[in-house]
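*Asks:* I am attaching a structure below and will ask some questions about it afterwards.
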Amino acid sequence: MSQQHAFITGGAGFIGSHLAERLLSDGIAVTLLDNLSTGSYSNISHLEGRKDVNLLIDTVFNESLVAELIRDSDLVFHLASAVGVKLIMERPVETIETIFGATEVVLRNCSRFRKPVLVTSTSEVYGKGTSIPFREDDDVVTGPTSKHRWAYACAKSLDEFLALAHWRQSRLPVSVVRLFNTVGPRQTGQYGMVVPRFIEAALAGDPIVVHGDGSQARCFAHVADVVDGLVRCLQTPDCYGQVMNLGNDEETTINELAGRVIQNTGSSSQIHQITYQEAYGEGFEDMQRRVPCLERARRLINYQPKRDLDRIIGDVAACVAKPGS
């Protein structure tokens with residue numbers, strides 16, 4: 001029996017690199033495509049040179065290349081996307097074009113070659129939802145188009161519509177996963193990611209900067225739990241044509257997160273609050289709570305996050321203290 005082969009767009013990204021390791025541990029060969037705009041070669045440098053790893057520095061918009069890679073793969077994981085609130089606010093055109101344009105290319109070629117594909121979406125899709133926890137079939141409300149903060153959510157929603165349209169029209173084996181604040185080693189605070197940003201500040205003894213009053217609550221999932229769910233999702237036919245939340249449902253406020261980071265790292269840092277306008281400029285809105293309902297993931301793939309927030313903080317802190325780990 002020939003070895004299975006998986007194609008990962010955004011393969012040098014934080015999640016993509018962990019997904020590659022997970023697949024390799026299962027004996028599945030991987031091809032990683034990344035233009036390194038937000039991914040990093042350091043994330044996957046330890047994999048290059050293996051016979052079961054093929055690394056290509058290029059863009060998903062190189063359609064002839066993507067078509068060839070999809071044709072030669074058994075599984076496709078589409079992770080390439082604009083990431084982080086900071087990047088989304090600073091590069092609005094790139095955000096929309098990268099998200100939807102890349103997904104359209106991947107889905108069209110997966111449909112052409114009839115390859116199972118997983119599309120990663122985001123909890124941002126739930127917009128201003130107030131029904132907690134968020135369920136996959138909830139109605140969603142976003143802000144006006146004049147507030148660019150909502151462009152990411154709308155572009156990802158369009159990704160989902162297109163993926164599910166392929167399922168309905170031709171039964172393309174496609175799954176959509178909405179990720180909730182995935183965190184872990186190799187993630188940086190460069191694009192506004194809150195956990196590594198807090199930990200980097202704490203280890204340096206710098207002020208931990210909280211945006212807003214810090215009462216907003218989030219749920220943080222360890223990347224090892226998430227990639228396990230991604231793999232099981234694409235390998236489970238019952239997930240095709242479905243949207244699934246993936247993350248952790250342990251809720252904590254941002255102030256509590258800052259306190260736990262200080263405590264767990266033994267830092268002397270102080271917490272400093274700034275307004276959203278100071279952090280992101282005009283046009284930014286934030287949601288008070290974001291909690292996933294994980295019932296569908298538990299039912300379809302027996303998903304259960306195993307690593308709590310203290311484990312996440314410890315693993316990220318160890319990586320920040322020893323880069324490349």
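Naming works like this for the structure tokens: A, B, ... for the chains as they're shown, residue 1 at the start of each chain, ligands 1 onward in shown order.
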Mind checking DSSP for region 103-311 of chain A and telling me the strand (DSSP E) residues as an NGL selection string?

*Replies:* :A and (117-122 or 174-179 or 182-183 or 208-211 or 217-219 or 221-222 or 243-246 or 251-253 or 271-274)

*Asks:* Would you output that residue set with N, CA and C atoms, as a JSON list (two decimals), in the first residue's frame?

*Replies:*
[["chain", "number", "residue", "atom", "x", "y", "z"],
["A", 117, "VAL", "N", -10.84, 17.95, 1.27],
["A", 117, "VAL", "CA", -10.20, 19.21, 1.65],
["A", 117, "VAL", "C", -10.83, 19.75, 2.93],
["A", 118, "LEU", "N", -9.98, 20.26, 3.80],
["A", 118, "LEU", "CA", -10.44, 20.94, 5.02],
["A", 118, "LEU", "C", -10.09, 22.42, 4.90],
["A", 119, "VAL", "N", -11.09, 23.26, 5.14],
["A", 119, "VAL", "CA", -10.92, 24.72, 5.10],
["A", 119, "VAL", "C", -11.00, 25.26, 6.52],
["A", 120, "THR", "N", -9.97, 25.96, 6.96],
["A", 120, "THR", "CA", -10.00, 26.54, 8.30],
["A", 120, "THR", "C", -10.69, 27.90, 8.26],
["A", 121, "SER", "N", -11.68, 28.05, 9.11],
["A", 121, "SER", "CA", -12.38, 29.32, 9.28],
["A", 121, "SER", "C", -12.08, 29.83, 10.69],
["A", 122, "THR", "N", -12.94, 30.65, 11.24],
["A", 122, "THR", "CA", -12.61, 31.36, 12.47],
["A", 122, "THR", "C", -13.84, 31.66, 13.31],
["A", 174, "VAL", "N", -15.61, 18.10, 1.55],
["A", 174, "VAL", "CA", -15.02, 19.29, 2.16],
["A", 174, "VAL", "C", -15.59, 19.48, 3.56],
["A", 175, "SER", "N", -14.71, 19.86, 4.49],
["A", 175, "SER", "CA", -15.10, 20.18, 5.86],
["A", 175, "SER", "C", -14.64, 21.58, 6.19],
["A", 176, "VAL", "N", -15.40, 22.28, 7.02],
["A", 176, "VAL", "CA", -15.05, 23.63, 7.47],
["A", 176, "VAL", "C", -14.89, 23.60, 8.98],
["A", 177, "VAL", "N", -13.78, 24.11, 9.47],
["A", 177, "VAL", "CA", -13.52, 24.15, 10.91],
["A", 177, "VAL", "C", -13.34, 25.60, 11.35],
["A", 178, "ARG", "N", -14.13, 26.02, 12.33],
["A", 178, "ARG", "CA", -14.00, 27.35, 12.92],
["A", 178, "ARG", "C", -13.09, 27.26, 14.15],
["A", 179, "LEU", "N", -11.93, 27.88, 14.06],
["A", 179, "LEU", "CA", -10.95, 27.83, 15.14],
["A", 179, "LEU", "C", -11.16, 28.95, 16.14],
["A", 182, "THR", "N", -6.35, 29.56, 18.81],
["A", 182, "THR", "CA", -5.37, 28.49, 18.91],
["A", 182, "THR", "C", -4.02, 29.06, 19.32],
["A", 183, "VAL", "N", -3.39, 28.45, 20.33],
["A", 183, "VAL", "CA", -2.17, 28.99, 20.92],
["A", 183, "VAL", "C", -1.19, 27.86, 21.16],
["A", 208, "ILE", "N", 2.59, 44.53, 30.57],
["A", 208, "ILE", "CA", 1.69, 43.71, 29.77],
["A", 208, "ILE", "C", 0.52, 44.60, 29.36],
["A", 209, "VAL", "N", 0.42, 44.86, 28.07],
["A", 209, "VAL", "CA", -0.54, 45.83, 27.55],
["A", 209, "VAL", "C", -1.86, 45.14, 27.22],
["A", 210, "VAL", "N", -2.91, 45.53, 27.95],
["A", 210, "VAL", "CA", -4.26, 45.00, 27.75],
["A", 210, "VAL", "C", -5.07, 46.01, 26.96],
["A", 211, "HIS", "N", -5.73, 45.56, 25.90],
["A", 211, "HIS", "CA", -6.56, 46.44, 25.09],
["A", 211, "HIS", "C", -7.97, 46.49, 25.67],
["A", 217, "ALA", "N", -13.79, 38.20, 27.53],
["A", 217, "ALA", "CA", -13.42, 36.82, 27.83],
["A", 217, "ALA", "C", -13.19, 36.02, 26.55],
["A", 218, "ARG", "N", -12.20, 35.12, 26.61],
["A", 218, "ARG", "CA", -11.87, 34.27, 25.48],
["A", 218, "ARG", "C", -11.57, 32.85, 25.96],
["A", 219, "CYS", "N", -11.52, 31.93, 25.01],
["A", 219, "CYS", "CA", -11.15, 30.54, 25.29],
["A", 219, "CYS", "C", -9.92, 30.21, 24.44],
["A", 221, "ALA", "N", -7.08, 27.42, 23.06],
["A", 221, "ALA", "CA", -6.87, 25.99, 22.81],
["A", 221, "ALA", "C", -5.42, 25.74, 22.44],
["A", 222, "HIS", "N", -4.85, 24.66, 22.98],
["A", 222, "HIS", "CA", -3.48, 24.28, 22.65],
["A", 222, "HIS", "C", -3.43, 23.76, 21.22],
["A", 243, "VAL", "N", -19.90, 22.27, 9.19],
["A", 243, "VAL", "CA", -19.09, 23.30, 9.84],
["A", 243, "VAL", "C", -18.92, 22.86, 11.29],
["A", 244, "MET", "N", -17.70, 22.95, 11.80],
["A", 244, "MET", "CA", -17.42, 22.45, 13.14],
["A", 244, "MET", "C", -16.57, 23.44, 13.93],
["A", 245, "ASN", "N", -16.99, 23.75, 15.16],
["A", 245, "ASN", "CA", -16.14, 24.51, 16.07],
["A", 245, "ASN", "C", -15.01, 23.62, 16.57],
["A", 246, "LEU", "N", -13.83, 24.21, 16.74],
["A", 246, "LEU", "CA", -12.71, 23.49, 17.31],
["A", 246, "LEU", "C", -11.92, 24.45, 18.21],
["A", 251, "GLU", "N", -13.16, 29.25, 29.74],
["A", 251, "GLU", "CA", -13.25, 30.69, 29.50],
["A", 251, "GLU", "C", -12.44, 31.47, 30.53],
["A", 252, "THR", "N", -11.75, 32.53, 30.07],
["A", 252, "THR", "CA", -11.00, 33.40, 30.98],
["A", 252, "THR", "C", -11.02, 34.82, 30.44],
["A", 253, "THR", "N", -11.05, 35.81, 31.32],
["A", 253, "THR", "CA", -10.97, 37.19, 30.88],
["A", 253, "THR", "C", -9.53, 37.54, 30.52],
["A", 271, "ILE", "N", 0.42, 45.32, 34.70],
["A", 271, "ILE", "CA", -0.61, 45.35, 33.64],
["A", 271, "ILE", "C", -0.92, 46.81, 33.31],
["A", 272, "HIS", "N", -0.90, 47.11, 32.01],
["A", 272, "HIS", "CA", -1.17, 48.47, 31.53],
["A", 272, "HIS", "C", -2.30, 48.42, 30.51],
["A", 273, "GLN", "N", -3.36, 49.16, 30.74],
["A", 273, "GLN", "CA", -4.51, 49.16, 29.84],
["A", 273, "GLN", "C", -4.47, 50.34, 28.89],
["A", 274, "ILE", "N", -4.79, 50.07, 27.61],
["A", 274, "ILE", "CA", -4.94, 51.14, 26.63],
["A", 274, "ILE", "C", -6.26, 50.93, 25.90]]

*Asks:* Identify, on the basis of only C-alpha atoms, every residue whose closest approach to region 148-160 of chain A does not exceed 9 Å; exclude the query and any residue fewer than 2 positions from it along the same chain; express the result as a PyMOL selection string.

*Replies:* chain A and resi 82+85+88-89+92+95-97+99-100+103-104+119-127+142-146+162-165+176+243+283-286

*Asks:* Take the residues that were just selected and, keeping C-alpha atoms, output them as a tab-separated table (two decimals), in the first residue's frame.

*Replies:*
chain	number	residue	atom	x	y	z
A	82	ALA	CA	-4.26	36.58	6.55
A	85	VAL	CA	-6.26	41.48	14.12
A	88	ILE	CA	-6.14	42.78	9.26
A	89	MET	CA	-6.40	46.41	10.35
A	92	PRO	CA	-7.18	45.72	4.53
A	95	THR	CA	-6.81	40.65	3.95
A	96	ILE	CA	-9.81	40.26	1.67
A	97	GLU	CA	-7.91	39.24	-1.47
A	99	ILE	CA	-8.56	35.01	2.22
A	100	PHE	CA	-11.20	34.53	-0.41
A	103	THR	CA	-9.72	29.61	-0.97
A	104	GLU	CA	-11.39	29.86	-4.36
A	119	VAL	CA	-10.92	24.72	5.10
A	120	THR	CA	-10.00	26.54	8.30
A	121	SER	CA	-12.38	29.32	9.28
A	122	THR	CA	-12.61	31.36	12.47
A	123	SER	CA	-14.72	32.22	15.50
A	124	GLU	CA	-14.79	35.74	14.03
A	125	VAL	CA	-17.63	34.48	11.82
A	126	TYR	CA	-19.94	34.65	14.86
A	127	GLY	CA	-19.56	38.43	14.79
A	142	THR	CA	-21.56	41.72	12.07
A	143	GLY	CA	-20.83	45.44	12.11
A	144	PRO	CA	-21.11	47.85	9.17
A	145	THR	CA	-18.78	47.66	6.18
A	146	SER	CA	-17.34	51.04	7.21
A	162	LEU	CA	-18.17	28.57	-1.19
A	163	ALA	CA	-16.94	25.39	0.50
A	164	LEU	CA	-20.48	24.28	1.35
A	165	ALA	CA	-21.66	25.20	-2.15
A	176	VAL	CA	-15.05	23.63	7.47
A	243	VAL	CA	-19.09	23.30	9.84
A	283	GLY	CA	-12.97	51.44	13.18
A	284	PHE	CA	-12.27	48.66	15.66
A	285	GLU	CA	-14.93	46.87	17.71
A	286	ASP	CA	-14.42	43.92	20.05

*Asks:* Under the rule that only C-alpha atoms are counted, which of A:Leu79, A:Ile132, A:Val195, A:Leu24 is the nearest residue to Leu309 (chain A)?

*Replies:*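 Using only C-alpha atoms, Leu309 (chain A) sits closest to A:Val195.
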
*Asks:* Could you name the residues that touch Ala67 (chain A) at 9 Å or less, counting only C-alpha atoms, but leaving out those on the same chain fewer than 2 positions away, as JSON, numbers by chain?

*Replies:* {"A": [62, 63, 64, 65, 69, 70, 71, 72, 105, 106, 109, 110, 112, 113]}

*Asks:* Near Asp52 (chain A), counting only C-alpha atoms, which residues have an atom at most 9 Å away, once you skip same-chain residues fewer than 3 positions from it, shown as a VMD selection string?

*Replies:* chain A and resid 5 24 27 to 31 49

*Asks:* CA of Phe14 (chain A) and CA of Leu294 (chain A) are how many Å apart?

*Replies:*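 CA of Leu294 (chain A) lies at a distance of 22.7 Å from CA of Phe14 (chain A).
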
*Asks:* Compile a residue-level contact table for region 106-168 of chain A against region 287-293 of chain A at a cut-off of 7 Å, reporting for every qualifying residue the shortest atom pair and its distance in Å to one decimal, with only C-alpha atoms counted, rows ordered by chain and ascending number, as JSON lines.

*Replies:*
{"residue": "A:Lys128", "atom": "CA", "partner": "A:Met287", "partner_atom": "CA", "distance": 6.3}
{"residue": "A:Ile132", "atom": "CA", "partner": "A:Val291", "partner_atom": "CA", "distance": 6.3}
{"residue": "A:Pro133", "atom": "CA", "partner": "A:Val291", "partner_atom": "CA", "distance": 5.0}
{"residue": "A:Phe134", "atom": "CA", "partner": "A:Pro292", "partner_atom": "CA", "distance": 4.9}
{"residue": "A:Arg135", "atom": "CA", "partner": "A:Cys293", "partner_atom": "CA", "distance": 5.4}

*Asks:* Output N, CA and C atoms for every residue in that selection, as a short mmCIF file (atom, residue, chain, number, x, y, z; two decimals), in the first residue's frame.

*Replies:*
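Okay, this is what ended up in again.cif:
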data_model
loop_
_atom_site.label_atom_id
_atom_site.label_comp_id
_atom_site.auth_asym_id
_atom_site.auth_seq_id
_atom_site.Cartn_x
_atom_site.Cartn_y
_atom_site.Cartn_z
N LYS A 128 -21.11 39.58 16.24
CA LYS A 128 -21.59 40.16 17.49
C LYS A 128 -22.55 39.22 18.23
N ILE A 132 -24.42 32.42 24.10
CA ILE A 132 -23.25 31.69 24.54
C ILE A 132 -23.66 30.30 25.05
N PRO A 133 -22.96 29.23 24.66
CA PRO A 133 -21.82 29.19 23.74
C PRO A 133 -22.26 29.28 22.29
N PHE A 134 -21.31 29.62 21.41
CA PHE A 134 -21.59 29.74 20.00
C PHE A 134 -21.78 28.36 19.38
N ARG A 135 -22.91 28.20 18.69
CA ARG A 135 -23.20 26.95 18.00
C ARG A 135 -23.11 27.18 16.49
#

*Asks:* Taking only C-alpha atoms into account, which of A:Ala201, A:Thr275, A:Glu250, A:Val194 comes nearest Ile262 (chain A)?

*Replies:*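 For Ile262 (chain A), the nearest of the candidates is A:Ala201.
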
*Asks:* May I ask for the distance between CA of Pro237 (chain A) and CA of His166 (chain A), given in Å to one decimal place?

*Replies:*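 Calculated distance between CA of Pro237 (chain A) and CA of His166 (chain A) is 15.3 Å.
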
*Asks:* Separation of CA of Ala6 (chain A) and CA of Val76 (chain A), in Å?

*Replies:*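 Separating CA of Ala6 (chain A) from CA of Val76 (chain A) is a distance of 5.7 Å.
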
*Asks:* So which bits of region 144-193 of chain A end up alpha helix (DSSP H) when you DSSP the backbone, as a VMD selection string?

*Replies:* chain A and resid 151 to 170

*Asks:* Which region 201-226 of chain A residues have any atom within 10 Å of an atom of region 310-321 of chain A, and for each, what is the nearest pair of atoms with distance in Å to one decimal, counting only C-alpha atoms, rows sorted by chain and number, as a tab-separated table?

*Replies:*
residue	atom	partner	partner_atom	distance
A:Ala202	CA	A:Ala317	CA	9.2
A:Leu203	CA	A:Ala321	CA	7.7
A:Ala204	CA	A:Ala321	CA	9.8
A:Phe220	CA	A:Ile312	CA	8.2
A:Ala221	CA	A:Ile312	CA	7.8
A:His222	CA	A:Ile312	CA	5.9
A:Val223	CA	A:Ile312	CA	8.8
A:Ala224	CA	A:Ile312	CA	9.9

*Asks:* Would you export the selected residues with C-alpha atoms as a PDB file, in the first residue's frame, please?

*Replies:*
ATOM      1  CA  ALA A 202       6.354  39.101  30.999  1.00  0.00           C
ATOM      2  CA  LEU A 203       9.662  37.346  30.340  1.00  0.00           C
ATOM      3  CA  ALA A 204      11.255  40.686  29.421  1.00  0.00           C
ATOM      4  CA  PHE A 220      -7.638  29.376  24.363  1.00  0.00           C
ATOM      5  CA  ALA A 221      -6.866  25.989  22.811  1.00  0.00           C
ATOM      6  CA  HIS A 222      -3.482  24.282  22.652  1.00  0.00           C
ATOM      7  CA  VAL A 223      -2.307  23.793  19.075  1.00  0.00           C
ATOM      8  CA  ALA A 224      -1.617  20.088  19.731  1.00  0.00           C
TER       9      ALA A 224
END

*Asks:* Would you kindly return, as a count of residues only, each protein, DNA or RNA residue with an atom no farther than 10 Å from any atom of Gly259 (chain A), considering only C-alpha atoms and excluding same-chain residues fewer than 4 positions away?

*Replies:* 11

*Asks:* When distances are computed from only C-alpha atoms, which of A:Thr236, A:Ser17, A:Asn35, A:Thr9 shows the smallest separation from Asp58 (chain A)?

*Replies:*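 That would be A:Asn35, the residue with the smallest distance to Asp58 (chain A).
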
*Asks:* Between A:Gln187, A:Asn43, A:Ser73, A:Thr59, which has the minimum distance to Ala102 (chain A) (counting only C-alpha atoms)?

*Replies:*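 Residue with the minimum atom-to-atom distance to Ala102 (chain A): A:Thr59.
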
*Asks:* Excluding same-chain residues fewer than 4 positions from Leu56 (chain A), what lies within 7 Å of it counting only C-alpha atoms, as an MDAnalysis selection string?

*Replies:* chainID A and resid 32:34

*Asks:* Keeping only C-alpha atoms, write the selected residues as an mmCIF file, in the first residue's frame.

*Replies:*
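Below you can see result_38.cif, which holds the result:
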data_model
loop_
_atom_site.group_PDB
_atom_site.id
_atom_site.type_symbol
_atom_site.label_atom_id
_atom_site.label_comp_id
_atom_site.auth_asym_id
_atom_site.auth_seq_id
_atom_site.Cartn_x
_atom_site.Cartn_y
_atom_site.Cartn_z
ATOM 1 C CA LEU A 32 4.102 22.394 2.522
ATOM 2 C CA LEU A 33 3.354 25.512 0.495
ATOM 3 C CA ASP A 34 3.963 28.950 2.024
#
